[in-house]
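Engineer: Supplied structure: coords_23.tsv, TSV, C-alpha atoms.
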```tsv
chain	number	residue	atom	x	y	z
A	139	MET	CA	-0.47	0.66	-37.75
A	140	GLU	CA	3.01	-0.67	-37.22
A	141	MET	CA	4.11	2.69	-35.86
A	142	ILE	CA	1.21	2.85	-33.41
A	143	LYS	CA	2.09	-0.64	-32.18
A	144	THR	CA	5.71	0.37	-31.62
A	145	ALA	CA	4.64	3.50	-29.75
A	146	VAL	CA	2.26	1.58	-27.49
A	147	GLU	CA	4.97	-1.00	-26.86
A	148	LEU	CA	7.39	1.73	-25.83
A	149	LEU	CA	4.75	3.34	-23.63
A	150	PHE	CA	3.81	0.23	-21.71
A	151	VAL	CA	7.40	-0.87	-21.19
A	152	LEU	CA	8.24	2.61	-19.93
A	153	LEU	CA	5.24	2.55	-17.57
A	154	ILE	CA	6.28	-0.80	-16.12
A	155	LEU	CA	9.90	0.23	-15.66
A	156	THR	CA	8.80	3.49	-13.98
A	157	GLY	CA	6.53	1.55	-11.65
A	158	ALA	CA	9.29	-0.86	-10.65
A	159	LEU	CA	11.71	2.00	-9.99
A	160	LEU	CA	9.07	3.80	-7.90
A	161	SER	CA	8.51	0.72	-5.77
A	162	ALA	CA	12.29	0.46	-5.28
A	163	VAL	CA	12.31	4.12	-4.15
A	164	SER	CA	9.50	3.38	-1.72
A	165	SER	CA	11.36	0.47	-0.18
A	166	VAL	CA	14.51	2.62	0.17
A	167	GLY	CA	12.33	5.15	2.01
A	168	LEU	CA	10.97	2.35	4.17
A	169	ILE	CA	14.45	1.37	5.22
A	170	ARG	CA	16.15	4.76	5.57
A	171	LEU	CA	13.64	7.11	7.18
A	172	PRO	CA	13.84	7.53	10.97
A	173	ASP	CA	10.23	7.25	12.16
A	174	VAL	CA	7.05	5.17	11.76
A	175	TYR	CA	5.09	8.11	10.37
A	176	LEU	CA	7.73	9.14	7.82
A	177	ARG	CA	8.18	5.51	6.80
A	178	SER	CA	4.48	4.94	6.27
A	179	HIS	CA	4.37	8.18	4.23
A	180	ALA	CA	7.13	6.88	1.93
A	181	ALA	CA	5.58	3.43	1.66
A	182	ALA	CA	2.07	4.65	0.91
A	183	LYS	CA	2.73	7.39	-1.66
A	184	SER	CA	5.36	5.99	-3.96
A	185	ALA	CA	4.19	2.37	-3.74
A	186	THR	CA	0.69	3.46	-4.77
A	187	LEU	CA	2.00	5.46	-7.73
A	188	GLY	CA	4.27	2.58	-8.79
A	189	VAL	CA	1.48	0.02	-8.66
A	190	LEU	CA	-0.84	2.35	-10.59
A	191	CYS	CA	1.85	2.72	-13.31
A	192	ILE	CA	2.38	-1.04	-13.54
A	193	LEU	CA	-1.33	-1.85	-13.68
A	194	SER	CA	-1.91	0.82	-16.35
A	195	GLY	CA	0.93	-0.68	-18.38
A	196	ALA	CA	-0.61	-4.14	-18.06
A	197	PHE	CA	-4.00	-2.72	-19.12
A	198	LEU	CA	-2.42	-1.12	-22.22
A	199	TYR	CA	-0.68	-4.39	-23.09
A	200	PHE	CA	-3.84	-6.48	-22.78
A	201	ALA	CA	-5.93	-3.93	-24.69
A	202	PHE	CA	-3.54	-3.56	-27.64
A	203	PHE	CA	-1.72	-6.87	-28.03
A	204	LEU	CA	-4.18	-9.50	-26.79
A	205	ASP	CA	-7.37	-7.57	-27.79
A	206	PHE	CA	-8.76	-7.97	-24.30
A	207	VAL	CA	-10.09	-4.89	-22.51
A	208	SER	CA	-10.03	-6.02	-18.91
A	209	ALA	CA	-12.63	-4.47	-16.60
A	210	LYS	CA	-11.15	-6.43	-13.70
A	211	LEU	CA	-7.82	-4.68	-14.16
A	212	LEU	CA	-9.56	-1.28	-14.16
A	213	LEU	CA	-11.39	-2.33	-11.00
A	214	GLY	CA	-8.06	-3.30	-9.46
A	215	ILE	CA	-6.58	0.11	-10.34
A	216	VAL	CA	-9.52	1.93	-8.72
A	217	PHE	CA	-9.40	-0.36	-5.68
A	218	VAL	CA	-5.67	0.15	-5.06
A	219	PHE	CA	-6.09	3.89	-5.59
A	220	MET	CA	-8.79	3.99	-2.91
A	221	THR	CA	-7.47	1.59	-0.31
A	222	SER	CA	-3.72	2.19	-0.18
A	223	PRO	CA	-3.87	5.72	1.35
A	224	LEU	CA	-6.64	4.47	3.64
A	225	SER	CA	-4.51	1.68	5.07
A	226	ALA	CA	-1.58	4.07	5.53
A	227	HIS	CA	-3.90	6.39	7.44
A	228	LEU	CA	-5.10	3.51	9.61
A	229	THR	CA	-1.58	2.40	10.51
A	230	GLY	CA	-0.50	5.97	11.27
A	231	ARG	CA	-3.54	6.54	13.49
A	232	ALA	CA	-2.99	3.24	15.29
A	233	ALA	CA	0.68	4.12	15.81
A	234	TYR	CA	-0.11	7.54	17.27
A	235	ARG	CA	-2.91	6.31	19.54
A	236	SER	CA	-0.85	3.37	20.81
A	237	GLY	CA	1.93	5.80	21.77
A	238	VAL	CA	4.76	5.14	19.32
A	239	PRO	CA	7.22	8.02	19.86
A	240	LEU	CA	7.85	10.60	17.15
A	241	TRP	CA	11.28	11.34	15.75
A	242	ASN	CA	13.39	13.15	18.36
A	243	ARG	CA	14.24	15.98	15.91
A	244	ARG	CA	10.62	16.78	15.06
A	245	ILE	CA	9.49	20.41	14.86
A	246	GLN	CA	5.85	20.28	15.88
A	247	ASP	CA	3.14	17.88	16.97
A	248	ASP	CA	-0.30	19.28	16.22
A	249	LEU	CA	-2.25	16.15	17.02
A	250	LYS	CA	-1.18	16.10	20.67
A	251	GLY	CA	-3.23	19.14	21.72
A	252	ALA	CA	-6.28	18.03	19.76
A	253	LEU	CA	-6.14	14.54	21.23
A	254	GLU	CA	-5.83	15.87	24.79
A	255	LYS	CA	-8.83	18.15	24.24
A	256	GLU	CA	-10.86	15.20	22.94
A	257	GLN	CA	-9.91	13.06	25.92
A	258	LEU	CA	-10.88	15.84	28.34
A	259	LYS	CA	-14.27	16.14	26.65
A	260	GLU	CA	-14.84	12.39	26.87
A	261	GLN	CA	-13.83	12.42	30.52
A	262	ALA	CA	-16.36	15.17	31.26
A	263	LYS	CA	-19.07	13.25	29.43
A	264	THR	CA	-18.49	10.04	31.39
A	265	ASP	CA	-18.36	12.02	34.66
A	266	SER	CA	-21.67	13.72	34.01
A	267	SER	CA	-23.35	10.49	32.96
A	268	SER	CA	-22.13	8.54	35.98
A	269	SER	CA	-23.07	11.14	38.60
B	174	MET	CA	14.14	-6.27	-25.42
B	175	ILE	CA	10.67	-6.25	-23.87
B	176	HIS	CA	11.42	-9.56	-22.20
B	177	PHE	CA	14.63	-8.15	-20.77
B	178	ILE	CA	12.93	-5.05	-19.37
B	179	LEU	CA	10.13	-7.10	-17.84
B	180	MET	CA	12.67	-9.39	-16.17
B	181	LEU	CA	14.59	-6.33	-14.97
B	182	SER	CA	11.52	-4.80	-13.37
B	183	LEU	CA	10.62	-8.14	-11.78
B	184	SER	CA	14.08	-8.34	-10.21
B	185	ILE	CA	13.83	-4.73	-8.96
B	186	MET	CA	10.53	-5.60	-7.31
B	187	VAL	CA	11.99	-8.75	-5.75
B	188	ILE	CA	14.79	-6.63	-4.23
B	189	SER	CA	12.29	-4.13	-2.88
B	190	ILE	CA	10.20	-6.94	-1.36
B	191	ALA	CA	13.36	-8.26	0.31
B	192	ILE	CA	14.05	-4.81	1.79
B	193	CYS	CA	10.46	-4.63	3.07
B	194	ALA	CA	10.87	-8.08	4.61
B	195	TRP	CA	13.95	-6.81	6.44
B	196	ARG	CA	11.87	-3.97	7.87
B	197	LEU	CA	9.16	-6.52	8.74
B	198	VAL	CA	11.64	-8.58	10.77
B	199	LYS	CA	13.52	-5.70	12.37
B	200	GLY	CA	10.87	-2.98	12.76
B	201	PRO	CA	11.04	-1.46	16.24
B	202	SER	CA	7.27	-1.10	16.69
B	203	LEU	CA	4.21	-3.06	15.62
B	204	PRO	CA	2.81	-0.41	13.19
B	205	ASP	CA	6.15	-0.51	11.38
B	206	ARG	CA	5.66	-4.18	10.69
B	207	VAL	CA	2.09	-3.61	9.54
B	208	ALA	CA	3.19	-0.89	7.09
B	209	ALA	CA	5.95	-3.17	5.76
B	210	LEU	CA	3.44	-6.01	5.31
B	211	ASP	CA	1.10	-3.70	3.42
B	212	THR	CA	3.93	-2.63	1.10
B	213	ILE	CA	4.85	-6.28	0.51
B	214	GLY	CA	1.25	-6.99	-0.49
B	215	ILE	CA	1.17	-4.04	-2.89
B	216	ASN	CA	4.46	-5.08	-4.51
B	217	LEU	CA	3.25	-8.67	-4.83
B	218	LEU	CA	0.18	-7.40	-6.68
B	219	ALA	CA	2.38	-5.50	-9.14
B	220	MET	CA	4.55	-8.60	-9.61
B	221	VAL	CA	1.49	-10.66	-10.56
B	222	ALA	CA	0.61	-8.03	-13.20
B	223	VAL	CA	4.12	-8.14	-14.71
B	224	LEU	CA	4.08	-11.94	-14.59
B	225	SER	CA	0.81	-12.08	-16.51
B	226	ILE	CA	2.35	-9.86	-19.21
B	227	LEU	CA	5.40	-12.10	-19.30
B	228	PHE	CA	3.32	-15.24	-19.77
B	229	LYS	CA	0.95	-13.50	-22.25
B	230	THR	CA	-2.14	-14.69	-20.40
B	231	GLU	CA	-5.07	-12.97	-18.74
B	232	ALA	CA	-5.70	-15.83	-16.30
B	233	TYR	CA	-3.96	-14.14	-13.39
B	234	ILE	CA	-5.94	-10.90	-13.33
B	235	GLU	CA	-8.41	-12.20	-10.74
B	236	TYR	CA	-5.53	-12.74	-8.35
B	237	ILE	CA	-4.56	-9.06	-8.55
B	238	LEU	CA	-7.94	-8.14	-7.09
B	239	LEU	CA	-7.76	-11.00	-4.59
B	240	ILE	CA	-4.34	-10.01	-3.24
B	241	GLY	CA	-5.40	-6.35	-3.04
B	242	ILE	CA	-8.53	-7.11	-1.03
B	243	LEU	CA	-6.79	-9.57	1.31
B	244	SER	CA	-3.91	-7.15	1.96
B	245	PHE	CA	-6.29	-4.27	2.71
B	246	ILE	CA	-8.48	-6.30	5.06
B	247	GLY	CA	-5.44	-7.69	6.87
B	248	THR	CA	-4.00	-4.21	7.36
B	249	MET	CA	-7.34	-2.93	8.62
B	250	ALA	CA	-7.72	-5.76	11.15
B	251	LEU	CA	-4.15	-5.36	12.40
B	252	ALA	CA	-4.54	-1.59	12.76
B	253	ARG	CA	-7.73	-2.02	14.79
B	254	TYR	CA	-5.99	-4.61	16.93
B	255	ILE	CA	-3.07	-2.27	17.64
B	256	GLU	CA	-5.32	0.67	18.42
B	257	ARG	CA	-7.96	-0.89	20.67
B	258	GLY	CA	-6.66	-4.37	21.54
B	259	VAL	CA	-9.64	-6.05	19.83
B	260	VAL	CA	-10.65	-6.63	16.23
B	261	PHE	CA	-14.40	-6.99	16.72
B	262	GLU	CA	-16.25	-5.01	19.37
B	263	TYR	CA	-19.30	-6.28	21.20
B	264	GLY	CA	-21.92	-4.69	23.40
B	265	ASN	CA	-21.67	-0.96	22.66
B	266	ASP	CA	-24.02	-0.62	19.73
B	267	GLN	CA	-26.44	2.11	20.77
B	268	ASP	CA	-26.24	3.32	24.32
B	269	GLY	CA	-22.48	3.63	24.82
B	270	SER	CA	-22.49	1.36	27.87
```
Reformat the file's structure so that it appears as structure tokens.
Structural biologist:
Amino acid sequence: MEMIKTAVELLFVLLILTGALLSAVSSVGLIRLPDVYLRSHAAAKSATLGVLCILSGAFLYFAFFLDFVSAKLLLGIVFVFMTSPLSAHLTGRAAYRSGVPLWNRRIQDDLKGALEKEQLKEQAKTDSSSS
Amino acid sequence: MIHFILMLSLSIMVISIAICAWRLVKGPSLPDRVAALDTIGINLLAMVAVLSILFKTEAYIEYILLIGILSFIGTMALARYIERGVVFEYGNDQDGS
């Protein structure tokens, strides 16, 4: 029993330290990368993983040391896992549609052609409905 | 030892929040600031979890959910505002007029 407790202790401390280091990596990405889209990529991915690690560590701690299996913490883990990529997608989409320029050393821009095609289609629809 | 590592991870997260706040102040475009604000919210949520371990109490777990929901809704409203200029849309429910 003592050994299991030590192992769980090691595991949750390691999870929390990993999560903190991942969030530090994400903020370094947020400050160093050259472009809104690259920055939101760095912020979304590693911050989500870091927060998931920290919340799992907290869940382990509460379950083993305070004898308290917290459904709210599990709900928080699921919620962050669902909403963090979604909000990164929303900010990226808003940035592209409001015309924030891409990095000047980019290689390709696939969304540009698709967006122009969509706008042409909408234009044709409004023309046919108004005439 | 556990106390030391928890304090260490709290200080790492404080530093990363400070870096995000720098991006929030400087950020050349509005979506930059929104992404930085979202990252600050996520880091704050993780800090509350570490703090509740440090104080050995489960009283703060509600606030993890609360901060997560508020941060997500704020990001969503700001993204809609940047994209269309409005948060709530009126008058185009069915017929597209």
Engineer: If the cut-off is 7 Å, can you tell me the residues of chain A near chain B, counting all atoms listed in the file? I'd like them as a VMD selection string.
Structural biologist: chain A and resid 151 155 158 161 to 162 165 169 174 178 181 185 189 192 to 193 196 210 to 211 214 218 221 225 228 to 229 232 to 233 235 to 236
Engineer: What is the CA of Gly157 (chain A) to CA of Arg170 (chain A) distance in Å?
Structural biologist: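 Straight-line distance from CA of Gly157 (chain A) to CA of Arg170 (chain A) works out to 20.0 Å.
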Engineer: Which value, in Å to one decimal, gives the distance between CA of Met141 (chain A) and CA of Ala209 (chain A)?
Structural biologist: 26.5 Å
Engineer: What is the CA of Ser164 (chain A) to CA of Leu190 (chain A) distance in Å?
Structural biologist: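 Computing it gives 13.7 Å between the two atoms.
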Engineer: With distances taken over all atoms listed in the file, which residue among A:Leu148, A:Gly251, A:Leu168, A:His179 lies nearest Leu197 (chain B)?
Structural biologist: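 Distance minimum relative to Leu197 (chain B) lands on A:Leu168.
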